[in-house]
Amino acid sequence: KLGTIVVVCDGMGGMNGGKTASMLAVQTIVDDVAAAEADASPEEVLKDAFKHAHDVLLSHAKTSPELKGMGTTATALLLSKKHAVIAHCGDSRVYQFRGHKKVFRTDDHSMVFQYVKDGTISEEQARLSSQSNLILKALGVDCDITPDIAVVPYLKGDRFMLCTDGFWGAMSEKEFI
């Protein structure tokens, strides 16, 4: 009712834990958005869906010891006729392209990205850093989760790309743009 939802998650916490975390998070977020009323605030629906997914992961980890420590990054795009609403936690990203130019990109919730924001290192240095996998915010990690939310206008022909660090970390941003 609110538009088209696209979700990308990148699990962590061992093979089983990461896979389970990402599958549960995607399913919870998609189900929550699908169940929303047409007049609901898309931003609130996404925020609540992320918090619900976080709670689901914590609950599963408590009842299944082999999943202890599981978590996942999460990035969602809710596309309506009016605008795109983007929510994310972690270092999976959303890019918006117009032609061959980047017009929007989410900021990573990682240790090295904090250094980029502070001007201590460049984005390229952060991408190549051995600490690039130190995530500051993710679903399933034992802390309160509030995703970053952005409402982004778009034009006909704009493209959105959701990707994990496995993609954006493999080459410079300039190369994949």
# chains A, B, ... in the order shown; residues from 1 in each chain; ligands from 1
>>> select_by_dssp(residues="chain A", states="strand (DSSP E)", output="PyMOL selection string")
chain A and resi 4-12+71-79+84-89+93-98+101-105+148-152+159-163
>>> residues_around(residues="range 28-32 of chain A", least_positions_apart="5", cutoff="12 Å", atoms="only C-alpha atoms", output="PyMOL selection string")
chain A and resi 1-9+21-23+37+40+42+44-57+74-78+87-88+139
>>> atom_distance(atom1="CA of Asp142 in chain A", atom2="CA of Leu58 in chain A")
7.3 Å
>>> select_by_dssp(residues="range 39-145 of chain A", states="helix (DSSP H, G or I)", output="VMD selection string")
chain A and resid 42 to 63 65 to 67 111 to 118 123 to 128
>>> atom_distance(atom1="CA of Ser110 in chain A", atom2="CA of Asp10 in chain A")
13.9 Å
>>> closest_residue(among="A:Gln125, A:Thr164, A:Thr120, A:Gln96", to="Ile177 in chain A", atoms="only C-alpha atoms")
A:Gln96
>>> closest_residue(among="A:Ala25, A:Leu67, A:Cys89, A:Met12", to="Asp144 in chain A", atoms="only C-alpha atoms")
A:Cys89
>>> closest_residue(among="A:Gly119, A:Gly17, A:Pro153, A:Gly166", to="Lys68 in chain A", atoms="only C-alpha atoms")
A:Gly17
>>> residues_around(residues="Ser172 in chain A", least_positions_apart="2", cutoff="10 Å", atoms="only C-alpha atoms", output="VMD selection string")
chain A and resid 123 to 124 127 to 128 167 to 170 174 to 177
>>> closest_residue(among="A:Lys102, A:Leu155, A:Ala61, A:His83", to="Glu173 in chain A", atoms="only C-alpha atoms")
A:Lys102
>>> atom_distance(atom1="CA of Ile149 in chain A", atom2="CA of Val85 in chain A")
7.0 Å
>>> decode(residues="range 1-153 of chain A", atoms="C-alpha atoms", output="PDB file, in the first residue's frame")
ATOM      1  CA  LYS A   1       0.000   0.000   0.000  1.00  0.00           C
ATOM      2  CA  LEU A   2       2.919   2.351   0.652  1.00  0.00           C
ATOM      3  CA  GLY A   3       4.900   1.487  -2.486  1.00  0.00           C
ATOM      4  CA  THR A   4       7.614  -0.934  -3.486  1.00  0.00           C
ATOM      5  CA  ILE A   5       9.975  -2.168  -0.771  1.00  0.00           C
ATOM      6  CA  VAL A   6      13.496  -3.410  -1.483  1.00  0.00           C
ATOM      7  CA  VAL A   7      15.730  -4.674   1.345  1.00  0.00           C
ATOM      8  CA  VAL A   8      19.367  -5.726   1.427  1.00  0.00           C
ATOM      9  CA  CYS A   9      20.949  -7.248   4.531  1.00  0.00           C
ATOM     10  CA  ASP A  10      24.474  -8.479   5.132  1.00  0.00           C
ATOM     11  CA  GLY A  11      24.619 -10.933   8.011  1.00  0.00           C
ATOM     12  CA  MET A  12      27.375 -11.327  10.566  1.00  0.00           C
ATOM     13  CA  GLY A  13      28.064 -13.702  13.407  1.00  0.00           C
ATOM     14  CA  GLY A  14      29.298 -16.834  11.714  1.00  0.00           C
ATOM     15  CA  MET A  15      27.813 -18.514   8.677  1.00  0.00           C
ATOM     16  CA  ASN A  16      24.610 -19.780  10.310  1.00  0.00           C
ATOM     17  CA  GLY A  17      24.137 -16.710  12.473  1.00  0.00           C
ATOM     18  CA  GLY A  18      24.689 -14.226   9.659  1.00  0.00           C
ATOM     19  CA  LYS A  19      22.495 -16.084   7.199  1.00  0.00           C
ATOM     20  CA  THR A  20      19.704 -16.468   9.754  1.00  0.00           C
ATOM     21  CA  ALA A  21      19.958 -12.829  10.867  1.00  0.00           C
ATOM     22  CA  SER A  22      19.745 -11.454   7.354  1.00  0.00           C
ATOM     23  CA  MET A  23      16.859 -13.743   6.351  1.00  0.00           C
ATOM     24  CA  LEU A  24      14.853 -12.899   9.484  1.00  0.00           C
ATOM     25  CA  ALA A  25      15.505  -9.177   9.107  1.00  0.00           C
ATOM     26  CA  VAL A  26      14.473  -9.061   5.444  1.00  0.00           C
ATOM     27  CA  GLN A  27      11.301 -11.048   6.104  1.00  0.00           C
ATOM     28  CA  THR A  28      10.313  -8.957   9.138  1.00  0.00           C
ATOM     29  CA  ILE A  29      10.891  -5.628   7.388  1.00  0.00           C
ATOM     30  CA  VAL A  30       9.026  -6.686   4.230  1.00  0.00           C
ATOM     31  CA  ASP A  31       6.116  -8.137   6.234  1.00  0.00           C
ATOM     32  CA  ASP A  32       5.815  -5.045   8.428  1.00  0.00           C
ATOM     33  CA  VAL A  33       5.803  -2.675   5.454  1.00  0.00           C
ATOM     34  CA  ALA A  34       3.288  -4.872   3.606  1.00  0.00           C
ATOM     35  CA  ALA A  35       0.964  -4.829   6.634  1.00  0.00           C
ATOM     36  CA  ALA A  36       1.026  -1.026   6.988  1.00  0.00           C
ATOM     37  CA  GLU A  37      -2.043   1.052   6.309  1.00  0.00           C
ATOM     38  CA  ALA A  38      -2.075   3.228   3.190  1.00  0.00           C
ATOM     39  CA  ASP A  39      -2.249   6.429   5.267  1.00  0.00           C
ATOM     40  CA  ALA A  40       0.659   5.477   7.562  1.00  0.00           C
ATOM     41  CA  SER A  41       3.847   7.525   7.624  1.00  0.00           C
ATOM     42  CA  PRO A  42       6.410   5.626   5.486  1.00  0.00           C
ATOM     43  CA  GLU A  43       9.244   6.925   7.671  1.00  0.00           C
ATOM     44  CA  GLU A  44       7.599   5.670  10.866  1.00  0.00           C
ATOM     45  CA  VAL A  45       6.696   2.342   9.273  1.00  0.00           C
ATOM     46  CA  LEU A  46      10.311   1.742   8.233  1.00  0.00           C
ATOM     47  CA  LYS A  47      11.673   2.861  11.595  1.00  0.00           C
ATOM     48  CA  ASP A  48       9.263   0.547  13.416  1.00  0.00           C
ATOM     49  CA  ALA A  49      10.010  -2.330  10.998  1.00  0.00           C
ATOM     50  CA  PHE A  50      13.748  -2.018  11.694  1.00  0.00           C
ATOM     51  CA  LYS A  51      13.154  -1.968  15.441  1.00  0.00           C
ATOM     52  CA  HIS A  52      10.849  -4.993  15.146  1.00  0.00           C
ATOM     53  CA  ALA A  53      13.471  -6.885  13.087  1.00  0.00           C
ATOM     54  CA  HIS A  54      16.079  -6.024  15.733  1.00  0.00           C
ATOM     55  CA  ASP A  55      13.819  -7.438  18.470  1.00  0.00           C
ATOM     56  CA  VAL A  56      13.153 -10.590  16.417  1.00  0.00           C
ATOM     57  CA  LEU A  57      16.903 -11.198  16.055  1.00  0.00           C
ATOM     58  CA  LEU A  58      17.553 -10.682  19.755  1.00  0.00           C
ATOM     59  CA  SER A  59      14.726 -13.078  20.611  1.00  0.00           C
ATOM     60  CA  HIS A  60      16.027 -15.793  18.259  1.00  0.00           C
ATOM     61  CA  ALA A  61      19.560 -15.421  19.608  1.00  0.00           C
ATOM     62  CA  LYS A  62      18.318 -15.930  23.178  1.00  0.00           C
ATOM     63  CA  THR A  63      16.455 -19.142  22.330  1.00  0.00           C
ATOM     64  CA  SER A  64      19.141 -20.630  20.046  1.00  0.00           C
ATOM     65  CA  PRO A  65      22.634 -20.599  21.581  1.00  0.00           C
ATOM     66  CA  GLU A  66      24.252 -21.375  18.225  1.00  0.00           C
ATOM     67  CA  LEU A  67      22.934 -18.019  16.958  1.00  0.00           C
ATOM     68  CA  LYS A  68      24.367 -15.964  19.830  1.00  0.00           C
ATOM     69  CA  GLY A  69      26.102 -12.886  18.448  1.00  0.00           C
ATOM     70  CA  MET A  70      24.241 -12.898  15.152  1.00  0.00           C
ATOM     71  CA  GLY A  71      23.403  -9.591  13.562  1.00  0.00           C
ATOM     72  CA  THR A  72      22.989  -7.945  10.222  1.00  0.00           C
ATOM     73  CA  THR A  73      23.351  -4.669   8.456  1.00  0.00           C
ATOM     74  CA  ALA A  74      20.070  -3.562   6.896  1.00  0.00           C
ATOM     75  CA  THR A  75      19.246  -1.175   4.104  1.00  0.00           C
ATOM     76  CA  ALA A  76      15.738  -0.570   2.789  1.00  0.00           C
ATOM     77  CA  LEU A  77      14.249   1.519   0.001  1.00  0.00           C
ATOM     78  CA  LEU A  78      10.519   2.232   0.011  1.00  0.00           C
ATOM     79  CA  LEU A  79       9.661   3.713  -3.356  1.00  0.00           C
ATOM     80  CA  SER A  80       6.338   5.512  -3.809  1.00  0.00           C
ATOM     81  CA  LYS A  81       5.069   7.737  -6.607  1.00  0.00           C
ATOM     82  CA  LYS A  82       6.060  10.787  -4.526  1.00  0.00           C
ATOM     83  CA  HIS A  83       9.529   9.972  -3.200  1.00  0.00           C
ATOM     84  CA  ALA A  84      11.916   7.330  -1.925  1.00  0.00           C
ATOM     85  CA  VAL A  85      12.218   6.654   1.789  1.00  0.00           C
ATOM     86  CA  ILE A  86      15.524   5.095   2.776  1.00  0.00           C
ATOM     87  CA  ALA A  87      16.342   3.437   6.090  1.00  0.00           C
ATOM     88  CA  HIS A  88      19.637   1.856   7.065  1.00  0.00           C
ATOM     89  CA  CYS A  89      21.813   0.508   9.851  1.00  0.00           C
ATOM     90  CA  GLY A  90      25.385  -0.564   9.245  1.00  0.00           C
ATOM     91  CA  ASP A  91      27.567  -0.321   6.170  1.00  0.00           C
ATOM     92  CA  SER A  92      25.281  -1.616   3.448  1.00  0.00           C
ATOM     93  CA  ARG A  93      24.515   1.379   1.272  1.00  0.00           C
ATOM     94  CA  VAL A  94      21.924   3.004  -0.947  1.00  0.00           C
ATOM     95  CA  TYR A  95      23.080   5.089  -3.885  1.00  0.00           C
ATOM     96  CA  GLN A  96      20.895   7.247  -6.117  1.00  0.00           C
ATOM     97  CA  PHE A  97      22.157   7.943  -9.618  1.00  0.00           C
ATOM     98  CA  ARG A  98      21.011  10.499 -12.152  1.00  0.00           C
ATOM     99  CA  GLY A  99      22.686   9.748 -15.440  1.00  0.00           C
ATOM    100  CA  HIS A 100      26.291   8.976 -14.530  1.00  0.00           C
ATOM    101  CA  LYS A 101      26.278  11.088 -11.382  1.00  0.00           C
ATOM    102  CA  LYS A 102      25.738  10.157  -7.771  1.00  0.00           C
ATOM    103  CA  VAL A 103      23.094  12.386  -6.176  1.00  0.00           C
ATOM    104  CA  PHE A 104      22.640  10.579  -2.850  1.00  0.00           C
ATOM    105  CA  ARG A 105      24.423   8.008  -0.729  1.00  0.00           C
ATOM    106  CA  THR A 106      23.869   6.758   2.801  1.00  0.00           C
ATOM    107  CA  ASP A 107      26.624   7.181   5.387  1.00  0.00           C
ATOM    108  CA  ASP A 108      28.147   4.035   6.866  1.00  0.00           C
ATOM    109  CA  HIS A 109      27.801   3.240  10.545  1.00  0.00           C
ATOM    110  CA  SER A 110      31.379   2.064  10.919  1.00  0.00           C
ATOM    111  CA  MET A 111      34.475   3.022  12.840  1.00  0.00           C
ATOM    112  CA  VAL A 112      36.425   4.048   9.744  1.00  0.00           C
ATOM    113  CA  PHE A 113      33.568   6.119   8.336  1.00  0.00           C
ATOM    114  CA  GLN A 114      33.662   8.170  11.539  1.00  0.00           C
ATOM    115  CA  TYR A 115      37.282   8.946  10.655  1.00  0.00           C
ATOM    116  CA  VAL A 116      36.177   9.975   7.159  1.00  0.00           C
ATOM    117  CA  LYS A 117      33.530  12.313   8.607  1.00  0.00           C
ATOM    118  CA  ASP A 118      36.149  13.791  10.950  1.00  0.00           C
ATOM    119  CA  GLY A 119      38.506  14.331   8.008  1.00  0.00           C
ATOM    120  CA  THR A 120      41.160  12.042   9.522  1.00  0.00           C
ATOM    121  CA  ILE A 121      41.241   9.678   6.520  1.00  0.00           C
ATOM    122  CA  SER A 122      39.887   9.630   2.965  1.00  0.00           C
ATOM    123  CA  GLU A 123      37.066   7.381   1.753  1.00  0.00           C
ATOM    124  CA  GLU A 124      39.591   5.371  -0.242  1.00  0.00           C
ATOM    125  CA  GLN A 125      41.742   4.855   2.866  1.00  0.00           C
ATOM    126  CA  ALA A 126      38.622   3.776   4.778  1.00  0.00           C
ATOM    127  CA  ARG A 127      37.664   1.308   2.035  1.00  0.00           C
ATOM    128  CA  LEU A 128      41.095  -0.301   2.195  1.00  0.00           C
ATOM    129  CA  SER A 129      41.414  -0.230   5.994  1.00  0.00           C
ATOM    130  CA  SER A 130      41.729  -3.462   7.949  1.00  0.00           C
ATOM    131  CA  GLN A 131      39.199  -1.951  10.387  1.00  0.00           C
ATOM    132  CA  SER A 132      36.533  -1.326   7.734  1.00  0.00           C
ATOM    133  CA  ASN A 133      34.420  -4.180   9.112  1.00  0.00           C
ATOM    134  CA  LEU A 134      34.015  -2.636  12.591  1.00  0.00           C
ATOM    135  CA  ILE A 135      30.309  -1.791  12.498  1.00  0.00           C
ATOM    136  CA  LEU A 136      28.847   0.681  15.019  1.00  0.00           C
ATOM    137  CA  LYS A 137      25.163  -0.016  14.359  1.00  0.00           C
ATOM    138  CA  ALA A 138      23.476  -3.223  13.201  1.00  0.00           C
ATOM    139  CA  LEU A 139      20.279  -5.175  13.792  1.00  0.00           C
ATOM    140  CA  GLY A 140      20.558  -7.890  16.437  1.00  0.00           C
ATOM    141  CA  VAL A 141      23.403  -6.254  18.302  1.00  0.00           C
ATOM    142  CA  ASP A 142      22.435  -5.776  21.929  1.00  0.00           C
ATOM    143  CA  CYS A 143      21.679  -2.048  21.845  1.00  0.00           C
ATOM    144  CA  ASP A 144      18.815   0.241  20.946  1.00  0.00           C
ATOM    145  CA  ILE A 145      18.446   0.547  17.193  1.00  0.00           C
ATOM    146  CA  THR A 146      17.183   3.627  15.434  1.00  0.00           C
ATOM    147  CA  PRO A 147      17.891   3.512  11.713  1.00  0.00           C
ATOM    148  CA  ASP A 148      18.924   6.563   9.748  1.00  0.00           C
ATOM    149  CA  ILE A 149      15.940   7.645   7.662  1.00  0.00           C
ATOM    150  CA  ALA A 150      16.100   9.845   4.564  1.00  0.00           C
ATOM    151  CA  VAL A 151      13.287  11.015   2.307  1.00  0.00           C
ATOM    152  CA  VAL A 152      14.735  11.513  -1.152  1.00  0.00           C
ATOM    153  CA  PRO A 153      12.988  13.004  -4.178  1.00  0.00           C
TER     154      PRO A 153
END
